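Next up, upload.txt (compact mmCIF, C-alpha atoms):
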# COMPACT_ATOMS: atom_id res chain seq x y z
CA MET S 1 1.89 -31.29 -5.73
CA ASP S 2 0.62 -27.94 -6.94
CA LEU S 3 -0.14 -26.64 -3.45
CA ILE S 4 -1.64 -23.33 -4.55
CA ARG S 5 -4.06 -24.96 -6.96
CA HIS S 6 -5.02 -27.54 -4.34
CA LEU S 7 -5.66 -24.77 -1.82
CA GLU S 8 -7.82 -22.94 -4.37
CA CYS S 9 -9.89 -26.11 -4.67
CA PHE S 10 -10.13 -26.46 -0.89
CA VAL S 11 -11.34 -22.87 -0.43
CA ALA S 12 -13.85 -23.13 -3.28
CA VAL S 13 -15.44 -26.32 -1.88
CA ALA S 14 -15.47 -24.83 1.64
CA GLU S 15 -17.25 -21.67 0.43
CA GLU S 16 -19.70 -23.44 -1.88
CA SER S 17 -20.37 -26.45 0.41
CA HIS S 18 -20.88 -28.37 -2.82
CA PHE S 19 -18.40 -30.12 -5.14
CA GLY S 20 -20.46 -29.44 -8.26
CA ARG S 21 -20.78 -25.72 -7.66
CA ALA S 22 -17.11 -25.48 -6.68
CA ALA S 23 -16.05 -27.31 -9.86
CA SER S 24 -18.13 -24.95 -11.97
CA ARG S 25 -16.61 -21.94 -10.20
CA LEU S 26 -13.11 -23.28 -10.83
CA GLY S 27 -13.80 -24.19 -14.47
CA MET S 28 -13.05 -27.88 -14.03
CA ALA S 29 -14.86 -31.18 -13.87
CA GLN S 30 -16.01 -32.57 -10.54
CA PRO S 31 -13.93 -35.81 -10.48
CA PRO S 32 -10.55 -34.01 -10.79
CA LEU S 33 -11.68 -31.61 -8.08
CA SER S 34 -12.49 -34.50 -5.74
CA GLN S 35 -9.12 -36.05 -6.52
CA ARG S 36 -7.30 -32.82 -5.67
CA ILE S 37 -9.08 -32.56 -2.33
CA GLN S 38 -8.14 -36.15 -1.53
CA ARG S 39 -4.47 -35.52 -2.43
CA LEU S 40 -4.45 -32.40 -0.27
CA GLU S 41 -5.90 -34.33 2.66
CA ARG S 42 -3.22 -37.00 2.27
CA GLU S 43 -0.50 -34.34 2.07
CA LEU S 44 -1.72 -32.52 5.19
CA GLY S 45 -2.57 -35.70 7.09
CA VAL S 46 -6.07 -34.51 8.07
CA ARG S 47 -9.60 -34.89 6.75
CA LEU S 48 -10.92 -31.53 5.53
CA PHE S 49 -14.56 -32.35 4.73
CA ASP S 50 -17.37 -34.56 5.93
CA ARG S 51 -19.15 -35.81 2.80
CA THR S 52 -22.63 -37.20 2.37
CA SER S 53 -24.61 -37.77 -0.82
CA ARG S 54 -26.34 -34.40 -0.35
CA HIS S 55 -24.05 -32.25 1.73
CA VAL S 56 -20.40 -31.28 2.20
CA SER S 57 -19.26 -29.67 5.45
CA LEU S 58 -15.92 -28.69 6.91
CA THR S 59 -14.41 -30.85 9.60
CA ARG S 60 -12.88 -29.19 12.64
CA ALA S 61 -9.46 -29.46 11.00
CA GLY S 62 -10.83 -27.94 7.79
CA THR S 63 -12.37 -25.05 9.71
CA LEU S 64 -9.08 -24.35 11.49
CA LEU S 65 -7.07 -24.47 8.24
CA LEU S 66 -9.44 -22.44 6.05
CA GLN S 67 -8.21 -18.97 7.05
CA ASP S 68 -4.57 -20.00 6.65
CA ALA S 69 -5.42 -21.29 3.18
CA ARG S 70 -7.08 -18.00 2.28
CA ASP S 71 -4.08 -16.04 3.57
CA LEU S 72 -1.68 -18.17 1.52
CA LEU S 73 -3.74 -17.61 -1.62
CA LEU S 74 -3.72 -13.85 -1.06
CA ARG S 75 0.06 -13.90 -0.61
CA ALA S 76 0.48 -16.02 -3.72
CA GLU S 77 -1.57 -13.54 -5.73
CA ALA S 78 0.49 -10.66 -4.35
CA LEU S 79 3.65 -12.56 -5.30
CA ARG S 80 2.41 -13.06 -8.85
CA GLY S 81 1.54 -9.37 -9.11
CA THR S 82 4.95 -8.30 -7.86
CA ALA S 83 6.69 -10.70 -10.23
CA HIS S 84 4.69 -9.31 -13.15
CA ARG S 85 5.55 -5.72 -12.24
CA ILE S 86 9.22 -6.65 -11.94
CA SER S 87 9.15 -8.36 -15.34
CA GLN S 88 7.64 -5.20 -16.81
CA GLY S 89 10.17 -2.98 -15.05
CA GLU S 90 7.47 -1.36 -12.93
CA SER S 91 8.68 -2.56 -9.55
CA GLY S 92 11.66 -4.05 -7.80
CA LEU S 93 15.20 -2.82 -7.23
CA LEU S 94 16.94 -0.57 -9.77
CA ARG S 95 20.71 -0.31 -9.29
CA ALA S 96 21.66 3.08 -10.70
CA ALA S 97 24.64 5.42 -10.62
CA LEU S 98 25.45 9.09 -11.16
CA PRO S 99 28.85 10.80 -11.34
CA SER S 100 30.05 13.10 -8.57
CA ASP S 101 29.79 16.26 -10.72
CA ILE S 102 25.99 16.05 -10.69
CA SER S 103 24.54 18.60 -8.28
CA GLY S 104 22.28 17.75 -5.38
CA GLU S 105 19.44 19.62 -7.05
CA THR S 106 19.76 17.47 -10.16
CA VAL S 107 19.87 14.27 -8.12
CA ALA S 108 16.77 15.28 -6.13
CA ALA S 109 14.85 16.29 -9.25
CA ALA S 110 15.69 13.02 -11.01
CA LEU S 111 14.64 10.86 -8.06
CA ALA S 112 11.41 12.81 -7.54
CA ASP S 113 10.56 12.43 -11.23
CA LEU S 114 11.32 8.70 -11.13
CA ARG S 115 9.10 8.20 -8.07
CA THR S 116 6.27 9.89 -9.96
CA ARG S 117 6.79 7.78 -13.08
CA HIS S 118 7.29 4.47 -11.24
CA PRO S 119 6.37 4.61 -7.55
CA GLY S 120 6.94 0.86 -7.18
CA VAL S 121 10.62 0.99 -8.12
CA GLN S 122 13.16 1.04 -5.29
CA VAL S 123 16.32 2.85 -6.42
CA GLN S 124 19.72 1.87 -5.06
CA LEU S 125 21.72 4.92 -6.13
CA HIS S 126 25.52 4.97 -6.21
CA GLU S 127 28.03 7.75 -6.83
CA LEU S 128 30.45 6.32 -9.41
CA THR S 129 32.87 7.65 -11.99
CA THR S 130 32.43 6.81 -15.66
CA SER S 131 35.10 4.09 -15.39
CA GLY S 132 33.45 2.70 -12.27
CA GLN S 133 30.06 2.60 -13.96
CA LEU S 134 31.40 0.86 -17.06
CA ALA S 135 33.05 -1.79 -14.90
CA ALA S 136 29.91 -2.28 -12.81
CA LEU S 137 27.71 -2.55 -15.91
CA ALA S 138 30.05 -5.12 -17.44
CA ALA S 139 29.97 -7.14 -14.19
CA HIS S 140 26.15 -6.95 -14.10
CA GLU S 141 26.39 -5.13 -10.77
CA LEU S 142 24.64 -2.03 -12.14
CA ASP S 143 21.46 -1.66 -14.18
CA VAL S 144 21.86 1.88 -15.45
CA GLY S 145 24.12 4.91 -15.07
CA LEU S 146 25.04 8.34 -16.40
CA ILE S 147 28.40 8.26 -18.18
CA HIS S 148 30.59 10.96 -19.71
CA HIS S 149 31.85 10.72 -23.28
CA PRO S 150 34.17 9.81 -24.82
CA CYS S 151 34.43 6.29 -23.48
CA ASP S 152 34.10 2.73 -24.74
CA VAL S 153 30.37 2.05 -25.11
CA THR S 154 30.71 -1.42 -26.62
CA GLY S 155 27.79 -3.59 -25.54
CA LEU S 156 25.80 -0.63 -24.21
CA GLU S 157 22.67 1.18 -25.27
CA LEU S 158 22.58 4.94 -24.77
CA GLY S 159 19.94 7.53 -24.10
CA PRO S 160 20.11 10.97 -25.73
CA VAL S 161 23.48 12.68 -25.40
CA LEU S 162 23.22 15.93 -23.45
CA ARG S 163 25.81 18.70 -23.48
CA ARG S 164 26.79 21.01 -20.63
CA GLU S 165 29.19 23.80 -21.54
CA LEU S 166 32.20 24.04 -19.27
CA GLY S 167 33.33 27.38 -17.89
CA VAL S 168 36.24 28.18 -15.65
CA LEU S 169 36.39 28.60 -11.88
CA LEU S 170 39.13 30.99 -10.80
CA PRO S 171 40.05 33.26 -7.91
CA ARG S 172 38.24 36.58 -8.02
CA HIS S 173 41.51 38.53 -7.80
CA LEU S 174 42.87 37.24 -11.12
CA ALA S 175 42.72 39.63 -14.06
CA ALA S 176 40.83 37.03 -16.13
CA ALA S 177 38.01 37.10 -13.57
CA ALA S 178 37.07 40.57 -14.79
CA LEU S 179 36.33 39.24 -18.28
CA THR S 180 32.82 38.32 -19.35
CA GLU S 181 34.28 35.41 -21.34
CA VAL S 182 37.69 33.90 -20.67
CA PRO S 183 39.86 32.63 -23.54
CA LEU S 184 41.93 29.60 -22.64
CA THR S 185 45.08 31.59 -23.46
CA ALA S 186 44.31 33.89 -20.51
CA LEU S 187 44.79 30.93 -18.16
CA GLN S 188 48.39 30.28 -19.22
CA GLY S 189 50.70 29.98 -16.20
CA HIS S 190 48.00 28.68 -13.85
CA GLY S 191 47.74 25.07 -12.77
CA LEU S 192 44.62 23.01 -13.38
CA ALA S 193 42.49 21.10 -10.88
CA LEU S 194 41.10 18.08 -12.73
CA PHE S 195 39.45 14.80 -11.84
CA PRO S 196 41.81 11.78 -11.59
CA ARG S 197 42.59 10.29 -14.98
CA ALA S 198 41.40 6.84 -13.91
CA ASP S 199 37.87 8.21 -13.55
CA ALA S 200 37.49 8.82 -17.30
CA PRO S 201 40.79 8.43 -19.16
CA ALA S 202 39.62 9.47 -22.64
CA LEU S 203 37.82 12.54 -21.34
CA TYR S 204 40.85 13.51 -19.21
CA ASP S 205 43.15 13.30 -22.22
CA ASP S 206 40.78 15.24 -24.44
CA VAL S 207 40.46 18.07 -21.93
CA LEU S 208 44.23 18.52 -21.85
CA THR S 209 44.52 18.15 -25.65
CA THR S 210 41.82 20.76 -26.24
CA CYS S 211 43.46 23.13 -23.77
CA ALA S 212 46.82 22.78 -25.53
CA ARG S 213 45.29 23.36 -28.95
CA ASN S 214 43.68 26.54 -27.67
CA GLY S 215 46.78 28.03 -26.06
CA TYR S 216 46.64 26.74 -22.49
CA THR S 217 49.11 24.18 -21.17
CA PRO S 218 48.88 23.99 -17.37
CA PRO S 219 52.26 23.88 -15.64
CA ALA S 220 50.79 21.42 -13.13
CA VAL S 221 47.68 19.30 -12.85
CA ARG S 222 46.25 18.77 -9.38
CA HIS S 223 43.66 16.04 -8.93
CA GLY S 224 40.48 16.58 -6.98
CA GLN S 225 36.74 15.88 -7.11
CA GLY S 226 34.90 17.27 -4.09
CA SER S 227 33.72 20.84 -4.49
CA SER S 228 35.21 22.00 -1.19
CA PHE S 229 38.58 20.45 -2.00
CA VAL S 230 38.62 22.01 -5.48
CA ARG S 231 37.70 25.38 -4.01
CA GLY S 232 40.60 25.05 -1.59
CA LEU S 233 43.00 24.32 -4.44
CA ILE S 234 41.74 27.33 -6.39
CA LEU S 235 42.25 29.65 -3.44
CA SER S 236 45.59 28.37 -2.22
CA ALA S 237 47.47 26.63 -5.03
CA ASP S 238 47.18 29.11 -7.93
CA VAL S 239 45.05 26.74 -9.98
CA ILE S 240 41.83 27.01 -11.96
CA ALA S 241 39.18 24.36 -12.64
CA PHE S 242 36.62 23.69 -15.34
CA ALA S 243 32.99 23.17 -14.38
CA PRO S 244 29.47 23.66 -15.72
CA HIS S 245 27.73 26.78 -14.43
CA ASP S 246 25.91 25.83 -11.25
CA PRO S 247 24.62 28.81 -9.22
CA ALA S 248 22.94 26.34 -6.88
CA ARG S 249 26.37 25.51 -5.44
CA PRO S 250 27.57 28.75 -3.83
CA ASP S 251 30.59 27.02 -2.30
CA VAL S 252 32.26 26.89 -5.71
CA GLY S 253 31.71 29.94 -7.83
CA GLY S 254 28.04 30.52 -7.06
CA ALA S 255 26.49 33.92 -6.48
CA SER S 256 27.26 33.96 -2.75
CA ASP S 257 30.92 32.89 -3.04
CA PRO S 258 33.04 36.05 -2.59
CA SER S 259 36.37 34.39 -3.40
CA VAL S 260 35.79 32.21 -6.47
CA VAL S 261 34.02 33.19 -9.67
CA TRP S 262 32.73 31.21 -12.63
CA ARG S 263 33.16 32.59 -16.13
CA PRO S 264 32.20 31.07 -19.50
CA LEU S 265 35.04 30.13 -21.83
CA ALA S 266 35.34 32.13 -25.04
CA GLY S 267 34.21 30.03 -27.98
CA ALA S 268 32.89 27.24 -25.72
CA PRO S 269 35.77 24.86 -26.47
CA LEU S 270 35.01 22.47 -23.61
CA ALA S 271 31.83 20.62 -22.72
CA LEU S 272 30.65 17.63 -20.75
CA ARG S 273 28.74 15.25 -22.98
CA SER S 274 26.75 12.72 -21.01
CA SER S 275 24.16 10.05 -21.61
CA VAL S 276 22.39 7.41 -19.61
CA ALA S 277 23.72 3.94 -20.45
CA TRP S 278 22.64 0.36 -19.84
CA LEU S 279 23.57 -3.09 -21.12
CA ARG S 280 22.23 -3.87 -24.57
CA GLY S 281 18.89 -5.64 -24.31
CA ARG S 282 18.38 -4.68 -20.64
CA GLY S 283 16.49 -1.43 -21.15
CA ASP S 284 13.26 -2.29 -19.35
CA THR S 285 10.58 0.16 -18.30
CA ALA S 286 12.36 1.18 -15.10
CA VAL S 287 15.64 1.83 -16.92
CA GLN S 288 13.86 3.93 -19.54
CA ALA S 289 12.08 5.88 -16.80
CA PHE S 290 15.42 6.55 -15.08
CA ALA S 291 16.91 7.75 -18.37
CA GLU S 292 14.02 10.14 -18.95
CA ALA S 293 14.04 11.39 -15.36
CA VAL S 294 17.79 12.09 -15.38
CA GLY S 295 17.59 13.77 -18.78
CA ASP S 296 14.73 16.02 -17.71
CA ALA S 297 16.54 16.87 -14.44
CA LEU S 298 19.74 17.80 -16.28
CA ARG S 299 17.81 20.07 -18.64
CA ALA S 300 15.80 21.70 -15.85
CA THR S 301 18.46 22.15 -13.17
CA ALA S 302 21.82 22.07 -14.96
CA GLY S 303 21.10 23.83 -18.26
CA ALA S 304 21.93 20.74 -20.35
CA GLY S 305 21.07 20.82 -24.02
CA PRO S 306 20.88 18.26 -26.81
CA GLU S 307 23.93 16.98 -28.60
CA ILE S 308 23.26 15.46 -32.01
CA PRO S 309 26.37 13.64 -33.27
CA ASP S 310 26.75 13.12 -36.99
CA ARG S 311 27.60 9.44 -36.43
CA PRO S 312 27.44 7.02 -33.49
CA LEU S 313 29.47 8.01 -30.44
CA HIS S 314 31.59 4.89 -30.32
CA LEU S 315 32.70 5.42 -33.93
CA ARG S 316 33.73 9.05 -33.56
CA PRO S 317 37.38 9.96 -33.09
CA VAL S 318 37.77 10.95 -29.45
CA ALA S 319 39.23 14.36 -30.37
CA GLU S 320 35.87 15.38 -31.84
CA TYR S 321 34.08 15.26 -28.52
CA LEU S 322 35.72 18.26 -26.90
CA LEU S 323 36.63 20.37 -29.92
Rewrite the structure from the file as structure tokens, please.
Amino acid sequence: MDLIRHLECFVAVAEESHFGRAASRLGMAQPPLSQRIQRLERELGVRLFDRTSRHVSLTRAGTLLLQDARDLLLRAEALRGTAHRISQGESGLLRAALPSDISGETVAAALADLRTRHPGVQVQLHELTTSGQLAALAAHELDVGLIHHPCDVTGLELGPVLRRELGVLLPRHLAAAALTEVPLTALQGHGLALFPRADAPALYDDVLTTCARNGYTPPAVRHGQGSSFVRGLILSADVIAFAPHDPARPDVGGASDPSVVWRPLAGAPLALRSSVAWLRGRGDTAVQAFAEAVGDALRATAGAGPEIPDRPLHLRPVAEYLL
């Protein structure tokens, strides 16, 4: 039995007190309407109307059930509306991810922008590495994320690729800290603090390859991700680290950090190239809004700029990304 349609018929007859008028209101003939009311009465086990040749009135049971019927119809309409918004990507749960190198200011700006674009979308945001995001996307455990290139983007659709130049974080007492731009050769002899290779293997390898080609081969690579941990390595382990310029994070090379400085690299040999990614064919309205919000936040808060590759990312030799 189509309960919702039967309840619509019940409410219409109750409000019109007339089968003919109710049938006209519902856009149906009177005999099918009468049959629906009879089926509903049999289903509920009560008589809803007293009928005479001239008048239709609610029974006591009908009067008691009328408000419940109206409430159910309102909830059904709300359910249909929510389902439609979800199908259009305008509401529901969006499972999204960002990497740990994204600053708090960028995260806040992206979420605020997304709430403005799609206030009905509930975002479940995760902090995941590129490898973690690719695995979660493949397992259909994630709807959208921000990944770093190069990586395997088979089966994915990508938003615009944005570039953030990498500079170097180093102790203020080093001679290279006095330079306005630091060539990679000036870092020779110092270890490197770098994210674990498992986080983004191709990017990890390209960073080290680019360093070697430009005269810097670190004697040791120390792995770390958190800004406080990296700062500790820089100050105590004679290492440097690469990072985008982020004055909003004074704990690592910002304006108020007296011990660690950030300097651009001469010739800009290193960069983070990132894009929002989602499974092919799954780019609904909410995913597109997330991609636009993250892109705008990266441009506004992290100084990201456009990267226009001469051919698709997944076809480019990986060495091209960081050279």
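Proximity of S:Leu114, S:Ala96, S:Val153, S:Ala83 to His126 in chain S, computed with all atoms listed in the file, is greatest for S:Ala96.
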Fewer than 6 positions away in the same chain doesn't count, so skip those; otherwise give me all residues within 10 Å of Leu265 in chain S, counting only C-alpha atoms, as a short mmCIF file (atom, residue, chain, number, x, y, z; two decimals) with C-alpha atoms, keeping the file's coordinate frame.
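Just written: result03.cif:
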data_model
loop_
_atom_site.label_atom_id
_atom_site.label_comp_id
_atom_site.auth_asym_id
_atom_site.auth_seq_id
_atom_site.Cartn_x
_atom_site.Cartn_y
_atom_site.Cartn_z
CA GLU S 165 29.19 23.80 -21.54
CA LEU S 166 32.20 24.04 -19.27
CA GLY S 167 33.33 27.38 -17.89
CA VAL S 168 36.24 28.18 -15.65
CA LEU S 179 36.33 39.24 -18.28
CA THR S 180 32.82 38.32 -19.35
CA GLU S 181 34.28 35.41 -21.34
CA VAL S 182 37.69 33.90 -20.67
CA PRO S 183 39.86 32.63 -23.54
CA LEU S 184 41.93 29.60 -22.64
CA PHE S 242 36.62 23.69 -15.34
#
(message) I'd like the contact shell of Ala12 in chain S - 9 Å cut-off, all atoms listed in the file, skipping same-chain residues fewer than 2 positions apart - returned as a ChimeraX atom specification.
(response) /S:7-10,14-19,21-23,25-26
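From CA of Ser87 in chain S back to CA of His118 in chain S, the distance works out to 13.6 Å.
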(request) Compile the contact shell of Leu3 in chain S as JSON, numbers by chain: residues with an atom at most 12 Å away, counting all atoms listed in the file, same-chain residues fewer than 6 positions apart removed. (result) {"S": [9, 10, 36, 37, 39, 40, 41, 43, 44, 69, 72, 73, 76]}
Residues just named, written with C-alpha atoms as an mmCIF file, in the coordinates of the input:
data_model
loop_
_atom_site.group_PDB
_atom_site.id
_atom_site.type_symbol
_atom_site.label_atom_id
_atom_site.label_comp_id
_atom_site.auth_asym_id
_atom_site.auth_seq_id
_atom_site.Cartn_x
_atom_site.Cartn_y
_atom_site.Cartn_z
ATOM 1 C CA CYS S 9 -9.890 -26.110 -4.670
ATOM 2 C CA PHE S 10 -10.130 -26.460 -0.890
ATOM 3 C CA ARG S 36 -7.300 -32.820 -5.670
ATOM 4 C CA ILE S 37 -9.080 -32.560 -2.330
ATOM 5 C CA ARG S 39 -4.470 -35.520 -2.430
ATOM 6 C CA LEU S 40 -4.450 -32.400 -0.270
ATOM 7 C CA GLU S 41 -5.900 -34.330 2.660
ATOM 8 C CA GLU S 43 -0.500 -34.340 2.070
ATOM 9 C CA LEU S 44 -1.720 -32.520 5.190
ATOM 10 C CA ALA S 69 -5.420 -21.290 3.180
ATOM 11 C CA LEU S 72 -1.680 -18.170 1.520
ATOM 12 C CA LEU S 73 -3.740 -17.610 -1.620
ATOM 13 C CA ALA S 76 0.480 -16.020 -3.720
#
(request) Find the residues near Ser259 in chain S: any atom within 8 Å, counting all atoms listed in the file, skip ones fewer than 5 places away on the same chain, and give them as a list in words. (result)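 In the requested form, the answer reads Pro171, Arg172, His173, Leu235 and Gly253 of chain S.
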(message) Taking 5 positions as the minimum chain separation for residues in the same chain, which residues sit within 12 Å of Gly189 in chain S when counting only C-alpha atoms? Answer as a PyMOL selection string.
(response) chain S and resi 174+184+215-221+238-240
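Distances from S:Val107, S:Ala241, S:Leu156, S:Val11 to Phe229 in chain S were compared using only C-alpha atoms, and the smallest one belongs to S:Ala241.
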(request) Record the distance separating CA of Thr210 in chain S and CA of Leu272 in chain S, expressed in Å with one decimal. (result)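 Spanning CA of Thr210 in chain S to CA of Leu272 in chain S is a straight-line distance of 12.8 Å.
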(message) Just the number, please: distance in Å from CA of Asp113 in chain S to CA of Ala297 in chain S, one decimal.
(response)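 We find that CA of Asp113 in chain S and CA of Ala297 in chain S lie 8.1 Å from each other.
Proximity ranking of S:Gly132, S:Gly145, S:Gly226, S:Gly20 relative to Ala291 in chain S places S:Gly145 first, based on all atoms listed in the file.
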(message) Ranking S:Ile234, S:Ala138, S:Leu48, S:Ala304 by minimum distance to Leu170 in chain S and counting all atoms listed in the file, which one comes first?
(response) S:Ile234
(message) Between S:Arg280, S:Arg95, S:Arg231, S:Arg222, which residue has the minimum interatomic distance to Glu141 in chain S, considering all atoms listed in the file?
(response)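 The answer is S:Arg95, which sits nearest to Glu141 in chain S.
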(request) Check the smallest atom-to-atom distance from each of S:Leu162, S:Leu65, S:Val123, S:Val56 to Val287 in chain S using only C-alpha atoms, then report the winner. (result)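 With only C-alpha atoms as the atom set, the closest residue is S:Val123.
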